[in-house]
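Student: What follows is a single structure, and I will ask about it in a moment.
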Amino acid sequence: MAKIAASTATDATPSARTGARPQKKRKKSQIPYAAIALVMIVIAGILFARKSDNLSISWIFGIAFGFVLQKTRFCFTASLRDPVLTGSTSISKAVIIAFAIATAGFAAIQYSASLADPANIPGNVHPAGIHIMIGATLFGIGMVIAGGCASGTLMRMGEGFTMQWITIIGFVAGSVWGIRDYTFWDSNFFQKSPTIWLPDYLGWGGAVFLQLLVLGLLYWAADSFSKRKLGS
Amino acid sequence: MAEVRLDCMGEACPVPLLKTQKKLKELNKGDVLIVEIDHSCAMKNVPEWARKEGYPVELEEVDEGEWEVIIELNK
């Protein structure tokens, strides 16, 4: 019997369940498949490296992200949905911690880049405005209905959940449509909003500190929310 | 002391959880609810929710990528 969830001490085996249960099918070992997949990953990585180093680095990072995502059940959708639905904020807190780590990492990358060449700092620094709120709301509605955000959908496709194969068709179609009209939205709306890059306003220390402070407050809010809601 | 099976195969998160919450309201003390799921996300939030409600929960992988969440209504 494969027990996936870690049982807590309070769990008791349901005693009322005494009826005969259908015999379980014997599971095939998946280790040969894993070995074949690993060999293919390595071969693909070598082939990518012959074309460009960055390609194979992206490949390895992509595989690693997928692995972590699947094993941890990390889900951006659940991080925002479960607090409303169940009062649980365990995934929300995980996402906040991930943001905090990313903040430190990006600060290090951008800071070292700004020392080398202040005009050319990596990162997606884009205009912020009402369009972000509208887009985020639409995306939020969509991802809860679809049962996963972009990364979650990809991960569950790999797990063999067929409904998400339909989701990905819609996702790709929507993205392509968005790119088709991107220049229109960009010149008429996005460029009219200010581009805010916190280090310009607060300096490096202030920007990183403020962002970590906000994330810390969100973590505290998420933690006390679940405590109040679940009383645990 | 009924044993009720709830078929959530092919249902994406959060539908299994919502169905479970709805079904549990109809059941009585001593009943056992078996939720059949094949969405890995539900494997996390259904047991998590039921445990927090105070029910004993067991999770069993019955086949590749298919699980049964067994919830005992002990109250």
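Scheme for the structure tokens: letters A, B, ... for chains in order shown; per-chain residue numbers from 1; ligand numbers from 1 in order shown.
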Excluding Gln211 of chain A and any residue of its chain fewer than 6 positions from it, enumerate the residues within 10 Å of it, using only C-alpha atoms, and give them as a count of residues only.
Tutor: 6
Student: May I have the residues within 10 Å of Phe65 of chain A as an mmCIF file with N, CA and C atoms, in the first residue's frame, using only C-alpha atoms and disregarding those fewer than 6 positions away in the same chain?
Tutor:
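Dumped everything to out.cif:
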data_model
loop_
_atom_site.group_PDB
_atom_site.id
_atom_site.type_symbol
_atom_site.label_atom_id
_atom_site.label_comp_id
_atom_site.auth_asym_id
_atom_site.auth_seq_id
_atom_site.Cartn_x
_atom_site.Cartn_y
_atom_site.Cartn_z
ATOM 1 N N TRP A 59 17.184 23.854 -20.105
ATOM 2 C CA TRP A 59 16.620 22.500 -20.127
ATOM 3 C C TRP A 59 16.720 21.860 -18.744
ATOM 4 N N LYS A 71 6.640 17.091 -7.073
ATOM 5 C CA LYS A 71 6.842 16.391 -5.802
ATOM 6 C C LYS A 71 6.291 17.177 -4.624
ATOM 7 N N SER A 151 2.265 26.728 -15.045
ATOM 8 C CA SER A 151 3.211 25.686 -14.642
ATOM 9 C C SER A 151 2.479 24.460 -14.110
ATOM 10 N N MET A 155 2.632 20.615 -15.519
ATOM 11 C CA MET A 155 3.041 19.530 -14.616
ATOM 12 C C MET A 155 1.996 18.426 -14.614
#
Student: Could you pull out the alpha helix (DSSP H) residues of segment 54-168 of chain A, going by DSSP on the backbone, and write them as a VMD selection string?
Tutor: chain A and resid 54 to 72 76 to 85 90 to 116 130 to 146 150 to 159 163 to 168
Student: Should the cut-off be 6 Å, what would the residue list for chain B against chain A look like, counting only C-alpha atoms, as a ChimeraX atom specification?
Tutor: /B:12-13,56,60-61,72
Student: Would you mind telling me which residue in B:Pro14, B:Lys44, B:Ile37, B:Arg51 lies nearest to Trp67 of chain B when using only C-alpha atoms?
Tutor: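 Comparing B:Pro14, B:Lys44, B:Ile37, B:Arg51 against Trp67 of chain B, the winner is B:Ile37.
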Student: Quick one: distance from atom CA of Glu26 of chain B to atom CA of Phe225 of chain A in Å, one decimal?
Tutor: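 Separation of atom CA of Glu26 of chain B and atom CA of Phe225 of chain A: 28.2 Å.
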Student: To test your reading of the structure, identify every residue in chain B that backbone DSSP assigns to strand (DSSP E or B), and report it as a list in words.
Tutor: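 For chain B, the strand (DSSP E or B) set is Glu3, Val4, Arg5, Leu6, Asp7, Cys8, Val32, Leu33, Ile34, Val35, Glu36, Ile37, Val57, Glu58, Leu59, Glu60, Glu61, Val62, Asp63, Glu66, Trp67, Glu68, Val69, Ile70, Ile71 and Glu72 of chain B.
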Student: Might you pull out every residue within 7 Å of Asn74 of chain B, with only C-alpha atoms counted and same-chain residues fewer than 3 positions away left off, and present them as a list in words?
Tutor: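 That gives Lys29, Gly30 and Tyr55 of chain B.
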Student: Kindly indicate which residue among A:Ala107, A:Leu55, A:Ala136, A:Ile179 lies nearest to Gly206 of chain A, using only C-alpha atoms for the distances.
Tutor: A:Ala107
Student: Which residues are near Thr89 of chain A? Cut-off 9 Å, only C-alpha atoms, ignore same chain within fewer than 4 positions. Put them as number ranges by chain.
Tutor: A: 78-80, 82-83, 93-94, 222-223, 225-226
Student: Would you mind exporting the chosen residues as a CSV table (one decimal), in the first residue's frame, restricted to all heavy atoms?
Tutor:
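Output saved as out09.csv:
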chain,number,residue,atom,x,y,z
A,78,ALA,N,-3.6,27.0,-6.1
A,78,ALA,CA,-4.1,26.6,-4.7
A,78,ALA,C,-3.6,27.6,-3.7
A,78,ALA,O,-4.3,27.7,-2.7
A,78,ALA,CB,-3.5,25.2,-4.4
A,79,SER,N,-2.5,28.3,-3.9
A,79,SER,CA,-2.0,29.2,-2.9
A,79,SER,C,-3.0,30.4,-2.7
A,79,SER,O,-3.1,31.0,-1.7
A,79,SER,CB,-0.7,29.8,-3.3
A,79,SER,OG,-0.8,30.7,-4.4
A,80,LEU,N,-3.8,30.7,-3.8
A,80,LEU,CA,-4.8,31.7,-3.7
A,80,LEU,C,-6.2,31.2,-3.5
A,80,LEU,O,-7.1,31.9,-3.0
A,80,LEU,CB,-4.7,32.6,-4.9
A,80,LEU,CG,-3.4,33.4,-5.1
A,80,LEU,CD1,-3.2,33.9,-6.5
A,80,LEU,CD2,-3.4,34.5,-4.1
A,82,ASP,N,-7.1,28.0,-2.0
A,82,ASP,CA,-7.4,27.2,-0.8
A,82,ASP,C,-7.7,28.1,0.5
A,82,ASP,O,-8.5,27.6,1.3
A,82,ASP,CB,-6.2,26.3,-0.5
A,82,ASP,CG,-6.2,25.1,-1.4
A,82,ASP,OD1,-7.2,25.0,-2.3
A,82,ASP,OD2,-5.4,24.2,-1.3
A,83,PRO,N,-7.1,29.2,0.6
A,83,PRO,CA,-7.5,30.0,1.8
A,83,PRO,C,-9.0,30.3,1.8
A,83,PRO,O,-9.6,30.3,2.8
A,83,PRO,CB,-6.6,31.3,1.6
A,83,PRO,CG,-5.5,30.9,0.9
A,83,PRO,CD,-5.9,29.9,-0.1
A,93,LYS,N,1.8,30.2,2.1
A,93,LYS,CA,3.0,30.5,2.8
A,93,LYS,C,4.3,30.1,2.0
A,93,LYS,O,5.3,30.8,1.9
A,93,LYS,CB,3.0,29.9,4.2
A,93,LYS,CG,2.1,30.7,5.1
A,93,LYS,CD,2.2,30.2,6.5
A,93,LYS,CE,1.4,29.0,6.8
A,93,LYS,NZ,1.4,28.5,8.2
A,94,ALA,N,4.1,28.9,1.4
A,94,ALA,CA,5.2,28.4,0.5
A,94,ALA,C,5.5,29.3,-0.6
A,94,ALA,O,6.7,29.6,-0.9
A,94,ALA,CB,4.9,27.0,0.0
A,222,ALA,N,-1.1,35.5,6.4
A,222,ALA,CA,-1.5,34.2,6.0
A,222,ALA,C,-1.6,33.2,7.2
A,222,ALA,O,-2.5,32.4,7.3
A,222,ALA,CB,-0.6,33.6,4.9
A,223,ASP,N,-0.5,33.3,8.0
A,223,ASP,CA,-0.4,32.4,9.1
A,223,ASP,C,-1.5,32.6,10.1
A,223,ASP,O,-2.2,31.7,10.6
A,223,ASP,CB,1.0,32.5,9.8
A,223,ASP,CG,1.3,31.4,10.7
A,223,ASP,OD1,1.2,30.2,10.2
A,223,ASP,OD2,1.7,31.6,11.8
A,225,PHE,N,-4.3,34.0,9.5
A,225,PHE,CA,-5.6,33.8,8.9
A,225,PHE,C,-6.0,32.3,9.1
A,225,PHE,O,-7.1,32.0,9.5
A,225,PHE,CB,-5.6,34.1,7.4
A,225,PHE,CG,-6.8,33.8,6.6
A,225,PHE,CD1,-7.9,34.6,6.7
A,225,PHE,CD2,-6.9,32.6,5.9
A,225,PHE,CE1,-9.0,34.3,6.0
A,225,PHE,CE2,-8.0,32.3,5.2
A,225,PHE,CZ,-9.1,33.2,5.2
A,226,SER,N,-5.1,31.4,8.8
A,226,SER,CA,-5.4,30.0,8.9
A,226,SER,C,-5.6,29.6,10.3
A,226,SER,O,-6.4,28.7,10.6
A,226,SER,CB,-4.3,29.1,8.2
A,226,SER,OG,-3.2,29.1,9.0
Student: I'd like the contact shell of Gly123 of chain A - 10 Å cut-off, only C-alpha atoms, skipping same-chain residues fewer than 2 positions apart - returned as an mmCIF file with N, CA and C atoms, in the first residue's frame.
Tutor:
data_model
loop_
_atom_site.group_PDB
_atom_site.id
_atom_site.type_symbol
_atom_site.label_atom_id
_atom_site.label_comp_id
_atom_site.auth_asym_id
_atom_site.auth_seq_id
_atom_site.Cartn_x
_atom_site.Cartn_y
_atom_site.Cartn_z
ATOM 1 N N PHE A 106 17.233 37.803 -7.078
ATOM 2 C CA PHE A 106 17.182 38.820 -8.126
ATOM 3 C C PHE A 106 17.951 40.070 -7.725
ATOM 4 N N ILE A 109 21.515 39.326 -8.509
ATOM 5 C CA ILE A 109 21.786 39.321 -9.951
ATOM 6 C C ILE A 109 21.769 40.747 -10.495
ATOM 7 N N GLN A 110 20.712 41.499 -10.129
ATOM 8 C CA GLN A 110 20.570 42.848 -10.692
ATOM 9 C C GLN A 110 21.641 43.790 -10.149
ATOM 10 N N ASN A 120 22.146 48.375 -18.550
ATOM 11 C CA ASN A 120 21.648 47.097 -19.041
ATOM 12 C C ASN A 120 21.444 46.125 -17.867
ATOM 13 N N ILE A 121 20.296 46.273 -17.209
ATOM 14 C CA ILE A 121 20.020 45.445 -16.040
ATOM 15 C C ILE A 121 18.982 44.395 -16.414
ATOM 16 N N VAL A 125 11.255 44.315 -16.074
ATOM 17 C CA VAL A 125 10.744 45.536 -15.459
ATOM 18 C C VAL A 125 9.806 46.193 -16.461
ATOM 19 N N HIS A 126 8.523 46.118 -16.177
ATOM 20 C CA HIS A 126 7.521 46.584 -17.124
ATOM 21 C C HIS A 126 6.628 47.633 -16.481
#
